[in-house]
Amino acid sequence: MVNYLKNKEGAEEIASLITRNGGKAITVQGNIYIKEDCEKLVKTALNHFGKIDICIIGPGANWNPEDLKSLNPEKSLQDIIQEISPIYNLLPMVLKDMEKRKWGRIIGIASNMDILSPAYSYNVAKSGRIEALRLAVKDAWRIGVTVNIIAPGPVDEIPNLEDACAYCSHKKEWLDRKKVTPQDIAEGVAFLCSDSANYTTGCILPYLF
């Protein structure tokens with residue numbers, strides 16, 4: 001299930017690519033900072049697919065690069081809300097379904113805290129996300145669910161879907177890359193979702209540049 005906030009066309013392009021390659025995909029609009037939208041996402045997934053095996057929670061904080069002396073409290077607190085609220089909104093619902101099968105994968109995209117950004121509130125928000133997920137590890141493991149964290153530093157942008165497919169297929173663009181790309185993140189996610197990672201939980205997988 002491909003969730004989007006505003007970019008319906010981009011989400012549908014991704015879903016179409018998945019179906020053309022033999023998978024099943026639908027798109028669902030929803031703001032994961034809002035509890036009711038998360039309920040809609042989970043209900044739609046269950047109605048369409050019958051279960052939820054994997055939940056990937058993407059990054060959330062805005063980029064507010066103020067130093068501590070110039071801090072805007074309202075914006076800074078919003079950064080924290082946007083990093084934490086998707087975890088609180090989604091985990092209770094998806095864990096209830098995963099518990100039925102004693103199997104599941106939860107992966108949060110955070111940040112490499114060894115490579116701090118110049119934005120104080122961004123760093124605090126990412127740290128909060130990491131701890132919120134780490135503290136969920138033991139409870140989730142009791143019902144057979146792993147919780148892991150992808151923690152990249154700066155990530156190069158892939159300009160279009162055609163290039164993204166070339167990276168995904170490990171073509172020349174992938175082999176010649178000089179920095180961490182979204183596909184590097186995807187490779188880590190794929191491993192953590194695989195049977196090879198059945199006993200990998202509480203992992204913070206860092207990416208350097």
# chains A, B, ... in the order shown; residues from 1 in each chain; ligands from 1
>>> select_by_dssp(residues="stretch 46-160 of chain A", states="helix (DSSP H, G or I)", output="count of residues only")
56
>>> residues_around(residues="stretch 70-74 of chain A", least_positions_apart="4", cutoff="10 Å", atoms="only C-alpha atoms", output="number ranges by chain")
A: 64-66, 78-79, 119-121
>>> closest_atom_pairs(of="stretch 117-170 of chain A", to="stretch 185-205 of chain A", cutoff="10 Å", atoms="only C-alpha atoms", output="Markdown table")
| residue | atom | partner | partner_atom | distance |
| --- | --- | --- | --- | --- |
| A:Ile130 | CA | A:Ile204 | CA | 8.3 |
| A:Leu133 | CA | A:Gly202 | CA | 8.1 |
| A:Arg134 | CA | A:Gly202 | CA | 5.9 |
| A:Leu135 | CA | A:Gly202 | CA | 8.8 |
| A:Ala136 | CA | A:Gly202 | CA | 8.7 |
| A:Val137 | CA | A:Gly202 | CA | 5.8 |
| A:Lys138 | CA | A:Gly202 | CA | 8.4 |
| A:Ala140 | CA | A:Thr201 | CA | 9.4 |
| A:Trp141 | CA | A:Thr201 | CA | 7.8 |
| A:Gly144 | CA | A:Asn198 | CA | 9.1 |
| A:Val145 | CA | A:Thr201 | CA | 8.3 |
| A:Thr146 | CA | A:Thr201 | CA | 4.9 |
| A:Val147 | CA | A:Thr201 | CA | 5.3 |
| A:Asn148 | CA | A:Cys203 | CA | 5.0 |
| A:Ile149 | CA | A:Ile204 | CA | 4.7 |
| A:Ile150 | CA | A:Leu205 | CA | 4.9 |
| A:Ala151 | CA | A:Leu205 | CA | 5.6 |
| A:Pro152 | CA | A:Ile185 | CA | 7.6 |
| A:Val155 | CA | A:Ile185 | CA | 8.9 |
| A:Cys168 | CA | A:Ala186 | CA | 8.5 |
>>> residues_around(residues="A:Ile84", least_positions_apart="5", cutoff="8 Å", atoms="only C-alpha atoms", output="list of chain:residue names")
A:Ala125, A:Gly128, A:Arg129, A:Ala132
>>> write_last_selection(atoms="C-alpha atoms", output="short mmCIF file (atom, residue, chain, number, x, y, z; two decimals), in the first residue's frame")
data_model
loop_
_atom_site.label_atom_id
_atom_site.label_comp_id
_atom_site.auth_asym_id
_atom_site.auth_seq_id
_atom_site.Cartn_x
_atom_site.Cartn_y
_atom_site.Cartn_z
CA ALA A 125 12.99 15.14 16.93
CA GLY A 128 12.91 11.12 19.99
CA ARG A 129 11.83 8.91 17.10
CA ALA A 132 10.26 5.75 20.76
#
>>> closest_atom_pairs(of="stretch 69-175 of chain A", to="stretch 33-42 of chain A", cutoff="10 Å", atoms="only C-alpha atoms", output="CSV")
residue,atom,partner,partner_atom,distance
A:Ile81,CA,A:Tyr33,CA,7.7
A:Gln82,CA,A:Tyr33,CA,6.1
A:Glu83,CA,A:Tyr33,CA,8.6
A:Ile84,CA,A:Tyr33,CA,8.6
A:Ser85,CA,A:Tyr33,CA,5.5
A:Pro86,CA,A:Tyr33,CA,5.5
A:Ile87,CA,A:Tyr33,CA,9.1
A:Tyr88,CA,A:Lys35,CA,8.6
A:Asn89,CA,A:Lys35,CA,5.4
A:Leu90,CA,A:Cys38,CA,6.3
A:Leu91,CA,A:Cys38,CA,10.0
A:Met93,CA,A:Val42,CA,7.2
A:Val94,CA,A:Val42,CA,7.2
A:Asp97,CA,A:Val42,CA,9.7
>>> write_last_selection(atoms="C-alpha atoms", output="PDB file, in the first residue's frame")
ATOM      1  CA  ILE A  81       5.107  15.851  16.922  1.00  0.00           C
ATOM      2  CA  GLN A  82       5.703  14.958  13.279  1.00  0.00           C
ATOM      3  CA  GLU A  83       8.418  12.434  14.146  1.00  0.00           C
ATOM      4  CA  ILE A  84       6.583  10.768  17.044  1.00  0.00           C
ATOM      5  CA  SER A  85       2.887  10.921  16.119  1.00  0.00           C
ATOM      6  CA  PRO A  86       3.075   8.404  13.206  1.00  0.00           C
ATOM      7  CA  ILE A  87       4.605   5.856  15.606  1.00  0.00           C
ATOM      8  CA  TYR A  88       1.936   6.400  18.251  1.00  0.00           C
ATOM      9  CA  ASN A  89      -0.844   6.462  15.649  1.00  0.00           C
ATOM     10  CA  LEU A  90       0.193   3.337  13.740  1.00  0.00           C
ATOM     11  CA  LEU A  91       1.904   0.932  16.142  1.00  0.00           C
ATOM     12  CA  MET A  93      -3.199  -0.832  15.301  1.00  0.00           C
ATOM     13  CA  VAL A  94      -0.648  -2.735  13.231  1.00  0.00           C
ATOM     14  CA  ASP A  97      -3.021  -7.463  13.523  1.00  0.00           C
TER      15      ASP A  97
END
>>> select_by_dssp(residues="stretch 42-136 of chain A", states="strand (DSSP E or B)", output="compact mmCIF listing (two decimals) with N, CA and C atoms, in the first residue's frame")
# COMPACT_ATOMS: atom_id res chain seq x y z
N ILE A 54 4.05 -5.78 7.22
CA ILE A 54 5.19 -4.86 7.31
C ILE A 54 4.66 -3.43 7.37
N CYS A 55 5.25 -2.63 8.24
CA CYS A 55 4.91 -1.21 8.31
C CYS A 55 6.19 -0.40 8.30
N ILE A 56 6.36 0.39 7.25
CA ILE A 56 7.52 1.27 7.12
C ILE A 56 7.07 2.70 7.43
N ILE A 57 7.68 3.32 8.42
CA ILE A 57 7.31 4.67 8.81
C ILE A 57 8.40 5.62 8.34
N GLY A 104 5.79 -10.04 12.18
CA GLY A 104 5.63 -8.71 11.61
C GLY A 104 6.95 -7.97 11.59
N ARG A 105 6.97 -6.92 10.79
CA ARG A 105 8.15 -6.07 10.67
C ARG A 105 7.72 -4.61 10.79
N ILE A 106 8.37 -3.90 11.69
CA ILE A 106 8.17 -2.46 11.81
C ILE A 106 9.53 -1.80 11.63
N ILE A 107 9.60 -0.87 10.69
CA ILE A 107 10.86 -0.19 10.40
C ILE A 107 10.60 1.31 10.35
N GLY A 108 11.37 2.06 11.13
CA GLY A 108 11.28 3.51 11.11
C GLY A 108 12.51 4.11 10.46
N ILE A 109 12.28 5.12 9.64
CA ILE A 109 13.40 5.85 9.03
C ILE A 109 13.71 7.05 9.93
>>> atom_distance(atom1="atom CA of A:Gly50", atom2="atom CA of A:Val2")
15.8 Å
>>> residues_around(residues="stretch 27-29 of chain A", least_positions_apart="6", cutoff="8 Å", atoms="only C-alpha atoms", output="PyMOL selection string")
chain A and resi 1-6+8+11-12+15+41+44
>>> write_last_selection(atoms="N, CA, C and O atoms", output="PDB file, in the first residue's frame")
ATOM      1  N   MET A   1       0.847  -1.180   0.000  1.00  0.00           N
ATOM      2  CA  MET A   1       0.000   0.000   0.000  1.00  0.00           C
ATOM      3  C   MET A   1       0.886   1.234   0.000  1.00  0.00           C
ATOM      4  O   MET A   1       1.764   1.365   0.848  1.00  0.00           O
ATOM      5  N   VAL A   2       0.666   2.112  -0.962  1.00  0.00           N
ATOM      6  CA  VAL A   2       1.481   3.314  -1.111  1.00  0.00           C
ATOM      7  C   VAL A   2       0.697   4.492  -0.532  1.00  0.00           C
ATOM      8  O   VAL A   2      -0.326   4.898  -1.084  1.00  0.00           O
ATOM      9  N   ASN A   3       1.171   5.019   0.567  1.00  0.00           N
ATOM     10  CA  ASN A   3       0.526   6.173   1.204  1.00  0.00           C
ATOM     11  C   ASN A   3       1.106   7.461   0.646  1.00  0.00           C
ATOM     12  O   ASN A   3       2.295   7.565   0.407  1.00  0.00           O
ATOM     13  N   TYR A   4       0.236   8.439   0.424  1.00  0.00           N
ATOM     14  CA  TYR A   4       0.715   9.754  -0.006  1.00  0.00           C
ATOM     15  C   TYR A   4      -0.086  10.826   0.709  1.00  0.00           C
ATOM     16  O   TYR A   4      -1.218  10.587   1.173  1.00  0.00           O
ATOM     17  N   LEU A   5       0.507  12.007   0.813  1.00  0.00           N
ATOM     18  CA  LEU A   5      -0.182  13.147   1.403  1.00  0.00           C
ATOM     19  C   LEU A   5      -0.790  14.025   0.308  1.00  0.00           C
ATOM     20  O   LEU A   5      -1.992  14.272   0.297  1.00  0.00           O
ATOM     21  N   LYS A   6       0.053  14.471  -0.639  1.00  0.00           N
ATOM     22  CA  LYS A   6      -0.420  15.368  -1.705  1.00  0.00           C
ATOM     23  C   LYS A   6      -0.103  14.847  -3.109  1.00  0.00           C
ATOM     24  O   LYS A   6      -0.816  15.145  -4.064  1.00  0.00           O
ATOM     25  N   LYS A   8      -0.512  12.565  -5.431  1.00  0.00           N
ATOM     26  CA  LYS A   8      -1.299  11.424  -5.897  1.00  0.00           C
ATOM     27  C   LYS A   8      -0.698  10.817  -7.163  1.00  0.00           C
ATOM     28  O   LYS A   8      -0.595   9.594  -7.300  1.00  0.00           O
ATOM     29  N   ALA A  11       2.386   8.710  -6.388  1.00  0.00           N
ATOM     30  CA  ALA A  11       2.018   7.458  -5.720  1.00  0.00           C
ATOM     31  C   ALA A  11       1.430   6.466  -6.710  1.00  0.00           C
ATOM     32  O   ALA A  11       1.742   5.267  -6.675  1.00  0.00           O
ATOM     33  N   GLU A  12       0.572   6.958  -7.610  1.00  0.00           N
ATOM     34  CA  GLU A  12      -0.038   6.069  -8.598  1.00  0.00           C
ATOM     35  C   GLU A  12       0.995   5.528  -9.581  1.00  0.00           C
ATOM     36  O   GLU A  12       0.886   4.398 -10.059  1.00  0.00           O
ATOM     37  N   ALA A  15       2.641   2.672  -7.715  1.00  0.00           N
ATOM     38  CA  ALA A  15       1.735   1.524  -7.647  1.00  0.00           C
ATOM     39  C   ALA A  15       1.631   0.827  -8.998  1.00  0.00           C
ATOM     40  O   ALA A  15       1.610  -0.405  -9.084  1.00  0.00           O
ATOM     41  N   LEU A  41      -5.913   4.340   6.888  1.00  0.00           N
ATOM     42  CA  LEU A  41      -4.864   3.601   6.183  1.00  0.00           C
ATOM     43  C   LEU A  41      -4.854   2.131   6.595  1.00  0.00           C
ATOM     44  O   LEU A  41      -4.786   1.229   5.751  1.00  0.00           O
ATOM     45  N   THR A  44      -8.035   0.292   5.385  1.00  0.00           N
ATOM     46  CA  THR A  44      -7.974   0.069   3.937  1.00  0.00           C
ATOM     47  C   THR A  44      -7.042  -1.091   3.615  1.00  0.00           C
ATOM     48  O   THR A  44      -7.353  -1.939   2.783  1.00  0.00           O
TER      49      THR A  44
END
>>> atom_distance(atom1="atom CA of A:Lys126", atom2="atom CA of A:Gly30")
21.7 Å
>>> atom_distance(atom1="atom CA of A:Gly153", atom2="atom CA of A:Leu208")
5.8 Å
>>> residues_around(residues="A:Ala164", least_positions_apart="3", cutoff="12 Å", atoms="only C-alpha atoms", output="list in words")
Ile14, Leu17, Asp156, Glu157, Ile158, Pro159, Asn160, Leu161, Tyr167, Cys168, Ser169, His170, Lys171, Lys172, Glu173, Trp174, Thr181, Pro182, Gln183, Asp184 and Ala186 of chain A
>>> decode(residues="stretch 94-122 of chain A", atoms="N, CA, C and O atoms", output="mmCIF file, in the first residue's frame")
data_model
loop_
_atom_site.group_PDB
_atom_site.id
_atom_site.type_symbol
_atom_site.label_atom_id
_atom_site.label_comp_id
_atom_site.auth_asym_id
_atom_site.auth_seq_id
_atom_site.Cartn_x
_atom_site.Cartn_y
_atom_site.Cartn_z
ATOM 1 N N VAL A 94 -1.303 -1.698 14.036
ATOM 2 C CA VAL A 94 -0.648 -2.735 13.231
ATOM 3 C C VAL A 94 -0.176 -3.894 14.108
ATOM 4 O O VAL A 94 -0.192 -5.053 13.681
ATOM 5 N N LEU A 95 0.223 -3.602 15.351
ATOM 6 C CA LEU A 95 0.674 -4.678 16.233
ATOM 7 C C LEU A 95 -0.472 -5.635 16.581
ATOM 8 O O LEU A 95 -0.263 -6.845 16.706
ATOM 9 N N LYS A 96 -1.669 -5.114 16.717
ATOM 10 C CA LYS A 96 -2.818 -5.980 17.006
ATOM 11 C C LYS A 96 -3.036 -6.983 15.883
ATOM 12 O O LYS A 96 -3.360 -8.145 16.128
ATOM 13 N N ASP A 97 -2.849 -6.538 14.643
ATOM 14 C CA ASP A 97 -3.021 -7.463 13.523
ATOM 15 C C ASP A 97 -1.846 -8.421 13.410
ATOM 16 O O ASP A 97 -2.032 -9.614 13.166
ATOM 17 N N MET A 98 -0.634 -7.925 13.588
ATOM 18 C CA MET A 98 0.553 -8.781 13.509
ATOM 19 C C MET A 98 0.544 -9.858 14.581
ATOM 20 O O MET A 98 1.036 -10.974 14.367
ATOM 21 N N GLU A 99 -0.011 -9.543 15.743
ATOM 22 C CA GLU A 99 -0.049 -10.503 16.847
ATOM 23 C C GLU A 99 -0.833 -11.762 16.473
ATOM 24 O O GLU A 99 -0.520 -12.858 16.960
ATOM 25 N N LYS A 100 -1.809 -11.637 15.593
ATOM 26 C CA LYS A 100 -2.609 -12.796 15.182
ATOM 27 C C LYS A 100 -1.745 -13.868 14.530
ATOM 28 O O LYS A 100 -2.033 -15.056 14.630
ATOM 29 N N ARG A 101 -0.683 -13.454 13.845
ATOM 30 C CA ARG A 101 0.184 -14.400 13.130
ATOM 31 C C ARG A 101 1.544 -14.575 13.806
ATOM 32 O O ARG A 101 2.394 -15.311 13.329
ATOM 33 N N LYS A 102 1.753 -13.822 14.913
ATOM 34 C CA LYS A 102 3.038 -13.867 15.624
ATOM 35 C C LYS A 102 4.198 -13.546 14.680
ATOM 36 O O LYS A 102 5.272 -14.129 14.765
ATOM 37 N N TRP A 103 3.965 -12.592 13.787
ATOM 38 C CA TRP A 103 5.012 -12.217 12.821
ATOM 39 C C TRP A 103 4.733 -10.815 12.310
ATOM 40 O O TRP A 103 3.576 -10.453 12.041
ATOM 41 N N GLY A 104 5.786 -10.043 12.183
ATOM 42 C CA GLY A 104 5.629 -8.711 11.609
ATOM 43 C C GLY A 104 6.946 -7.973 11.594
ATOM 44 O O GLY A 104 7.908 -8.336 12.280
ATOM 45 N N ARG A 105 6.969 -6.924 10.788
ATOM 46 C CA ARG A 105 8.151 -6.071 10.672
ATOM 47 C C ARG A 105 7.719 -4.611 10.793
ATOM 48 O O ARG A 105 6.828 -4.162 10.062
ATOM 49 N N ILE A 106 8.369 -3.899 11.693
ATOM 50 C CA ILE A 106 8.170 -2.458 11.805
ATOM 51 C C ILE A 106 9.530 -1.798 11.632
ATOM 52 O O ILE A 106 10.491 -2.148 12.325
ATOM 53 N N ILE A 107 9.595 -0.872 10.692
ATOM 54 C CA ILE A 107 10.864 -0.185 10.403
ATOM 55 C C ILE A 107 10.599 1.313 10.351
ATOM 56 O O ILE A 107 9.717 1.782 9.625
ATOM 57 N N GLY A 108 11.372 2.060 11.127
ATOM 58 C CA GLY A 108 11.275 3.511 11.109
ATOM 59 C C GLY A 108 12.511 4.115 10.457
ATOM 60 O O GLY A 108 13.629 3.651 10.681
ATOM 61 N N ILE A 109 12.284 5.123 9.638
ATOM 62 C CA ILE A 109 13.403 5.854 9.034
ATOM 63 C C ILE A 109 13.712 7.052 9.933
ATOM 64 O O ILE A 109 12.839 7.891 10.184
ATOM 65 N N ALA A 110 14.938 7.118 10.439
ATOM 66 C CA ALA A 110 15.308 8.191 11.363
ATOM 67 C C ALA A 110 16.534 8.929 10.816
ATOM 68 O O ALA A 110 16.528 9.394 9.677
ATOM 69 N N SER A 111 17.591 9.016 11.603
ATOM 70 C CA SER A 111 18.775 9.759 11.185
ATOM 71 C C SER A 111 19.984 9.236 11.949
ATOM 72 O O SER A 111 19.857 8.743 13.071
ATOM 73 N N ASN A 112 21.143 9.330 11.320
ATOM 74 C CA ASN A 112 22.395 8.922 11.955
ATOM 75 C C ASN A 112 22.815 10.012 12.939
ATOM 76 O O ASN A 112 23.269 11.087 12.537
ATOM 77 N N MET A 113 22.673 9.736 14.214
ATOM 78 C CA MET A 113 22.950 10.763 15.212
ATOM 79 C C MET A 113 24.442 10.980 15.450
ATOM 80 O O MET A 113 24.829 11.843 16.237
ATOM 81 N N ASP A 114 25.288 10.199 14.764
ATOM 82 C CA ASP A 114 26.721 10.485 14.770
ATOM 83 C C ASP A 114 27.074 11.562 13.752
ATOM 84 O O ASP A 114 28.203 12.055 13.718
ATOM 85 N N ILE A 115 26.108 11.890 12.884
ATOM 86 C CA ILE A 115 26.307 12.950 11.881
ATOM 87 C C ILE A 115 25.207 13.980 12.111
ATOM 88 O O ILE A 115 24.205 14.028 11.412
ATOM 89 N N LEU A 116 25.364 14.786 13.135
ATOM 90 C CA LEU A 116 24.311 15.726 13.499
ATOM 91 C C LEU A 116 24.121 16.796 12.439
ATOM 92 O O LEU A 116 25.089 17.308 11.863
ATOM 93 N N SER A 117 22.876 17.131 12.182
ATOM 94 C CA SER A 117 22.566 18.228 11.275
ATOM 95 C C SER A 117 22.778 19.552 11.999
ATOM 96 O O SER A 117 22.921 19.574 13.239
ATOM 97 N N PRO A 118 22.781 20.675 11.285
ATOM 98 C CA PRO A 118 22.916 21.972 11.958
ATOM 99 C C PRO A 118 21.623 22.443 12.609
ATOM 100 O O PRO A 118 21.593 23.530 13.189
ATOM 101 N N ALA A 119 20.551 21.644 12.510
ATOM 102 C CA ALA A 119 19.248 22.053 13.032
ATOM 103 C C ALA A 119 18.992 21.383 14.376
ATOM 104 O O ALA A 119 18.781 20.171 14.440
ATOM 105 N N TYR A 120 18.986 22.169 15.427
ATOM 106 C CA TYR A 120 18.827 21.642 16.786
ATOM 107 C C TYR A 120 17.521 20.864 16.935
ATOM 108 O O TYR A 120 17.509 19.727 17.423
ATOM 109 N N SER A 121 16.401 21.463 16.545
ATOM 110 C CA SER A 121 15.105 20.816 16.768
ATOM 111 C C SER A 121 14.961 19.554 15.922
ATOM 112 O O SER A 121 14.327 18.579 16.347
ATOM 113 N N TYR A 122 15.551 19.547 14.737
ATOM 114 C CA TYR A 122 15.534 18.359 13.872
ATOM 115 C C TYR A 122 16.255 17.203 14.558
ATOM 116 O O TYR A 122 15.770 16.068 14.584
#
